[in-house]
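> Structure file work.cif, mmCIF, C-alpha atoms, is pasted below:
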```cif
data_data
loop_
_atom_site.group_PDB
_atom_site.id
_atom_site.type_symbol
_atom_site.label_atom_id
_atom_site.label_comp_id
_atom_site.auth_asym_id
_atom_site.auth_seq_id
_atom_site.Cartn_x
_atom_site.Cartn_y
_atom_site.Cartn_z
ATOM 1 C CA MET A 1 -14.157 12.726 25.119
ATOM 2 C CA ASN A 2 -16.646 10.200 23.874
ATOM 3 C CA GLU A 3 -17.265 11.958 20.586
ATOM 4 C CA LYS A 4 -18.259 9.839 17.651
ATOM 5 C CA LEU A 5 -17.418 10.713 14.107
ATOM 6 C CA ALA A 6 -20.497 10.668 11.966
ATOM 7 C CA PHE A 7 -20.150 10.317 8.241
ATOM 8 C CA GLU A 8 -22.054 8.712 5.467
ATOM 9 C CA VAL A 9 -20.441 5.698 3.878
ATOM 10 C CA PRO A 10 -21.426 5.132 0.270
ATOM 11 C CA SER A 11 -22.931 1.764 -0.468
ATOM 12 C CA ARG A 12 -20.188 0.892 -2.963
ATOM 13 C CA LEU A 13 -16.598 1.979 -3.357
ATOM 14 C CA THR A 14 -14.382 1.613 -6.404
ATOM 15 C CA LEU A 15 -10.652 1.783 -6.868
ATOM 16 C CA ASP A 16 -9.779 4.835 -8.942
ATOM 17 C CA THR A 17 -6.531 3.413 -10.340
ATOM 18 C CA ARG A 18 -5.655 0.967 -13.068
ATOM 19 C CA THR A 19 -2.255 -0.508 -12.162
ATOM 20 C CA ALA A 20 0.093 -1.292 -9.296
ATOM 21 C CA SER A 21 2.297 1.644 -10.316
ATOM 22 C CA ASP A 22 -0.696 3.969 -9.772
ATOM 23 C CA LEU A 23 -1.086 2.666 -6.216
ATOM 24 C CA MET A 24 2.531 2.343 -5.147
ATOM 25 C CA THR A 25 4.726 4.616 -3.109
ATOM 26 C CA PRO A 26 7.847 4.898 -5.276
ATOM 27 C CA SER A 27 11.379 4.540 -3.896
ATOM 28 C CA PRO A 28 10.307 3.151 -0.537
ATOM 29 C CA VAL A 29 12.378 3.336 2.615
ATOM 30 C CA SER A 30 14.372 0.123 2.746
ATOM 31 C CA LEU A 31 16.987 -1.617 4.857
ATOM 32 C CA ARG A 32 20.153 -3.369 3.791
ATOM 33 C CA GLU A 33 20.284 -6.974 4.933
ATOM 34 C CA ASP A 34 23.551 -6.266 6.774
ATOM 35 C CA ALA A 35 22.161 -3.230 8.664
ATOM 36 C CA THR A 36 22.393 -3.472 12.446
ATOM 37 C CA PHE A 37 19.595 -3.809 14.955
ATOM 38 C CA HIS A 38 20.041 -0.175 16.034
ATOM 39 C CA GLU A 39 20.032 1.108 12.439
ATOM 40 C CA ALA A 40 16.815 -0.799 11.742
ATOM 41 C CA VAL A 41 15.037 0.435 14.866
ATOM 42 C CA ALA A 42 16.144 4.013 14.166
ATOM 43 C CA LEU A 43 14.954 3.885 10.554
ATOM 44 C CA LEU A 44 11.539 2.432 11.384
ATOM 45 C CA THR A 45 10.874 4.780 14.284
ATOM 46 C CA ASP A 46 12.334 7.934 12.699
ATOM 47 C CA ARG A 47 10.351 7.394 9.492
ATOM 48 C CA GLY A 48 7.200 6.339 11.334
ATOM 49 C CA VAL A 49 6.766 3.122 9.371
ATOM 50 C CA SER A 50 5.792 -0.255 10.773
ATOM 51 C CA ALA A 51 7.872 -2.267 8.313
ATOM 52 C CA ALA A 52 10.421 -1.912 5.549
ATOM 53 C CA PRO A 53 11.659 -4.129 2.749
ATOM 54 C CA VAL A 54 15.103 -5.635 3.190
ATOM 55 C CA ILE A 55 17.217 -5.446 0.046
ATOM 56 C CA ASP A 56 20.442 -7.056 -1.129
ATOM 57 C CA VAL A 57 23.345 -5.163 -2.698
ATOM 58 C CA ALA A 58 21.629 -5.270 -6.115
ATOM 59 C CA GLY A 59 18.458 -3.631 -4.724
ATOM 60 C CA ARG A 60 16.342 -6.774 -4.894
ATOM 61 C CA PRO A 61 14.036 -7.444 -1.931
ATOM 62 C CA VAL A 62 15.060 -10.463 0.142
ATOM 63 C CA GLY A 63 12.711 -10.030 3.084
ATOM 64 C CA VAL A 64 10.715 -7.687 5.279
ATOM 65 C CA LEU A 65 11.535 -6.325 8.704
ATOM 66 C CA SER A 66 8.586 -5.175 10.791
ATOM 67 C CA LEU A 67 8.316 -3.868 14.320
ATOM 68 C CA ALA A 68 6.632 -7.182 15.132
ATOM 69 C CA ASP A 69 9.718 -9.059 13.842
ATOM 70 C CA ILE A 70 11.883 -7.016 16.196
ATOM 71 C CA VAL A 71 9.614 -7.761 19.157
ATOM 72 C CA VAL A 72 9.566 -11.488 18.335
ATOM 73 C CA HIS A 73 13.354 -11.560 17.961
ATOM 74 C CA ASP A 74 13.759 -9.670 21.234
ATOM 75 C CA ARG A 75 11.354 -12.022 23.032
ATOM 76 C CA GLU A 76 13.155 -15.100 21.732
ATOM 77 C CA SER A 77 16.467 -13.723 22.973
ATOM 78 C CA GLY A 78 15.093 -13.052 26.470
ATOM 79 C CA PHE A 79 13.612 -9.570 25.951
ATOM 80 C CA HIS A 80 16.929 -8.006 25.179
ATOM 81 C CA VAL A 81 19.192 -8.094 22.224
ATOM 82 C CA GLU A 82 22.325 -9.758 23.481
ATOM 83 C CA ARG A 83 24.650 -8.116 20.988
ATOM 84 C CA PRO A 84 22.814 -5.160 19.432
ATOM 85 C CA GLY A 85 25.880 -4.058 17.465
ATOM 86 C CA LEU A 86 26.256 -7.527 15.959
ATOM 87 C CA THR A 87 22.601 -8.431 15.411
ATOM 88 C CA ARG A 88 21.818 -7.910 11.732
ATOM 89 C CA VAL A 89 18.561 -7.293 9.940
ATOM 90 C CA ARG A 90 18.915 -10.604 8.083
ATOM 91 C CA ASP A 91 18.771 -12.348 11.504
ATOM 92 C CA MET A 92 15.440 -10.715 12.435
ATOM 93 C CA MET A 93 13.597 -10.270 9.136
ATOM 94 C CA THR A 94 10.839 -12.383 7.660
ATOM 95 C CA PRO A 95 12.603 -13.928 4.654
ATOM 96 C CA VAL A 96 9.521 -13.875 2.426
ATOM 97 C CA VAL A 97 8.745 -11.278 -0.203
ATOM 98 C CA PHE A 98 5.370 -10.905 -1.857
ATOM 99 C CA SER A 99 5.821 -8.847 -4.976
ATOM 100 C CA ILE A 100 3.977 -7.669 -8.031
ATOM 101 C CA THR A 101 4.958 -5.949 -11.277
ATOM 102 C CA PRO A 102 4.241 -2.251 -11.900
ATOM 103 C CA ASN A 103 1.799 -3.002 -14.733
ATOM 104 C CA ALA A 104 -0.276 -5.528 -12.753
ATOM 105 C CA PRO A 105 -3.947 -4.524 -12.568
ATOM 106 C CA ALA A 106 -5.022 -2.750 -9.369
ATOM 107 C CA ARG A 107 -7.658 -5.449 -8.895
ATOM 108 C CA ARG A 108 -4.886 -8.065 -8.725
ATOM 109 C CA VAL A 109 -3.098 -6.036 -6.040
ATOM 110 C CA VAL A 110 -6.186 -6.181 -3.827
ATOM 111 C CA GLU A 111 -6.847 -9.849 -4.603
ATOM 112 C CA ASP A 112 -3.239 -10.795 -3.764
ATOM 113 C CA MET A 113 -3.225 -8.824 -0.510
ATOM 114 C CA VAL A 114 -6.446 -10.502 0.607
ATOM 115 C CA ALA A 115 -5.413 -14.002 -0.512
ATOM 116 C CA LEU A 116 -1.954 -13.727 1.065
ATOM 117 C CA LYS A 117 -3.285 -11.938 4.178
ATOM 118 C CA VAL A 118 -0.592 -9.259 3.978
ATOM 119 C CA HIS A 119 -0.578 -5.519 4.600
ATOM 120 C CA ARG A 120 1.837 -4.688 1.808
ATOM 121 C CA LEU A 121 3.148 -5.850 -1.550
ATOM 122 C CA PHE A 122 6.461 -4.873 -3.062
ATOM 123 C CA VAL A 123 6.607 -3.648 -6.632
ATOM 124 C CA VAL A 124 9.591 -4.966 -8.582
ATOM 125 C CA ASP A 125 10.769 -4.308 -12.123
ATOM 126 C CA ALA A 126 11.645 -6.949 -14.723
ATOM 127 C CA ASP A 127 15.068 -7.445 -13.066
ATOM 128 C CA GLY A 128 13.494 -7.989 -9.647
ATOM 129 C CA VAL A 129 14.714 -4.615 -8.330
ATOM 130 C CA LEU A 130 12.475 -2.895 -5.802
ATOM 131 C CA THR A 131 10.714 0.127 -7.304
ATOM 132 C CA GLY A 132 7.855 0.681 -4.887
ATOM 133 C CA VAL A 133 5.631 -0.598 -2.136
ATOM 134 C CA ILE A 134 1.847 -0.778 -1.873
ATOM 135 C CA SER A 135 0.378 -0.791 1.615
ATOM 136 C CA ALA A 136 -3.221 -1.423 2.571
ATOM 137 C CA LEU A 137 -3.419 2.289 3.369
ATOM 138 C CA ASP A 138 -2.304 3.120 -0.186
ATOM 139 C CA VAL A 139 -5.237 1.070 -1.468
ATOM 140 C CA VAL A 140 -7.699 2.725 0.914
ATOM 141 C CA LYS A 141 -6.496 6.190 -0.171
ATOM 142 C CA HIS A 142 -7.583 5.375 -3.734
ATOM 143 C CA LEU A 143 -11.121 4.247 -2.918
ATOM 144 C CA ARG A 144 -13.867 6.511 -4.197
ATOM 145 C CA PRO A 145 -17.650 6.326 -4.040
ATOM 146 C CA GLU A 146 -19.020 4.518 -7.052
ATOM 147 C CA ARG A 147 -20.558 6.964 -9.482
ATOM 148 C CA PRO A 148 -24.167 6.274 -10.333
ATOM 149 C CA PRO A 149 -24.693 5.491 -14.000
ATOM 150 C CA ASP A 150 -25.340 8.493 -16.212
ATOM 151 C CA PRO A 151 -29.040 8.851 -16.949
ATOM 152 C CA ASP A 152 -30.035 8.005 -20.488
ATOM 153 C CA PRO A 153 -30.229 11.175 -22.548
ATOM 154 C CA ILE A 154 -33.725 12.025 -23.725
ATOM 155 C CA PRO A 155 -33.855 12.110 -27.524
ATOM 156 C CA ALA A 156 -34.948 15.456 -28.984
ATOM 157 C CA SER A 157 -37.829 13.738 -30.793
ATOM 158 C CA ALA A 158 -39.348 12.790 -27.450
ATOM 159 C CA CYS A 159 -39.700 16.417 -26.365
ATOM 160 C CA ASN A 160 -42.739 18.510 -27.232
ATOM 161 C CA THR A 161 -40.650 21.645 -27.453
ATOM 162 C CA PRO A 162 -38.613 22.693 -30.458
ATOM 163 C CA THR A 163 -34.887 22.154 -30.252
ATOM 164 C CA HIS A 164 -34.022 25.747 -31.173
ATOM 165 C CA ALA A 165 -34.002 28.731 -28.818
ATOM 166 C CA TYR A 166 -36.532 31.524 -28.858
ATOM 167 C CA GLU A 167 -35.986 35.092 -27.827
ATOM 168 C CA ILE A 168 -38.735 36.601 -25.765
ATOM 169 C CA PHE A 169 -39.246 40.385 -25.820
#
```
For the file at hand, write its structure as structure tokens.

Amino acid sequence: MNEKLAFEVPSRLTLDTRTASDLMTPSPVSLREDATFHEAVALLTDRGVSAAPVIDVAGRPVGVLSLADIVVHDRESGFHVERPGLTRVRDMMTPVVFSITPNAPARRVVEDMVALKVHRLFVVDADGVLTGVISALDVVKHLRPERPPDPDPIPASACNTPTHAYEIF
């Protein structure tokens, strides 16, 4: 069971998108800030996501709830949620939102993720309403090997052969 995957990694990769909207997953799974502990755990586990944006009633992101946030909250409360029916997402979430606009350049998305040391950015419209999410995996999915430059075409005058075709019988 010690098999190694062998593949060739190109020397340079490029991002094959132009904007944040090209990279984003539209209409992401999100949690209401008043959702319960059980609703949050069910959503994250059923959807197989490690985190979800927390939105207010207007659809604007107000925080992020990750599986790590749940573990930290549980640890701080003695490794059990004392009142799981009363514990709300707003009590467990990280109340910080890193966002970007849909028309932001893809390069900026990567630069922001690296500078902020985050795994995801939220895409918001002009009114601040959540429209998408960009995860590090979304960025990786859009990496392509850099194409080598096209060779310079050889001008017809440089060839010793005529530029018209001959028929040979």
> Hey, what comes out of the PyMOL selection byres ((chain A and resi 71) around 12) on this file? Could you write it as an MDAnalysis selection string?
chainID A and resid 37 41 50 65:70 72:81 92:93
> Evaluate the PyMOL selection byres ((chain A and resi 114-121) around 8) on the structure here and hand back the selected residues as a VMD selection string.
chain A and resid 97 to 100 109 to 113 122 to 123 133 to 136
> Taking the file as shown, find all residues satisfying the PyMOL selection byres ((chain A and resi 20) around 9) and write them as a list in words.
Thr17, Arg18, Thr19, Ser21, Asp22, Leu23, Met24, Ile100, Thr101, Pro102, Asn103, Ala104, Pro105, Ala106, Arg107, Arg108, Val109, Val123 and Ile134 of chain A
> What does the distance from atom CA of A:Leu15 to atom CA of A:Gly63 come to in Å, to one decimal?
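Here the two named atoms are 28.0 Å from each other.
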> Find the residue from A:Ser30, A:Ser11, A:Thr36, A:Thr25 that sits nearest to A:Asp91; use all atoms listed in the file when measuring.
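Nearest to A:Asp91: A:Thr36.
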> For a test of reading the model, state the distance in Å between atom CA of A:Ser27 and atom CA of A:Gly132, rounded to one decimal.
5.3 Å
> Atom CA of A:Val129 to atom CA of A:Pro61: how many Å, to one decimal?
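Rounded to one decimal, the two atoms are 7.0 Å apart.
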> Tell me which of A:Val139, A:Val64, A:Leu86, A:Val29 sits closest to A:Val49, counting all atoms listed in the file.
A:Val29
> Taking into account only C-alpha atoms, which residue in the set A:Val96, A:Thr14, A:Val54, A:Pro145 is nearest to A:Ala35?
A:Val54
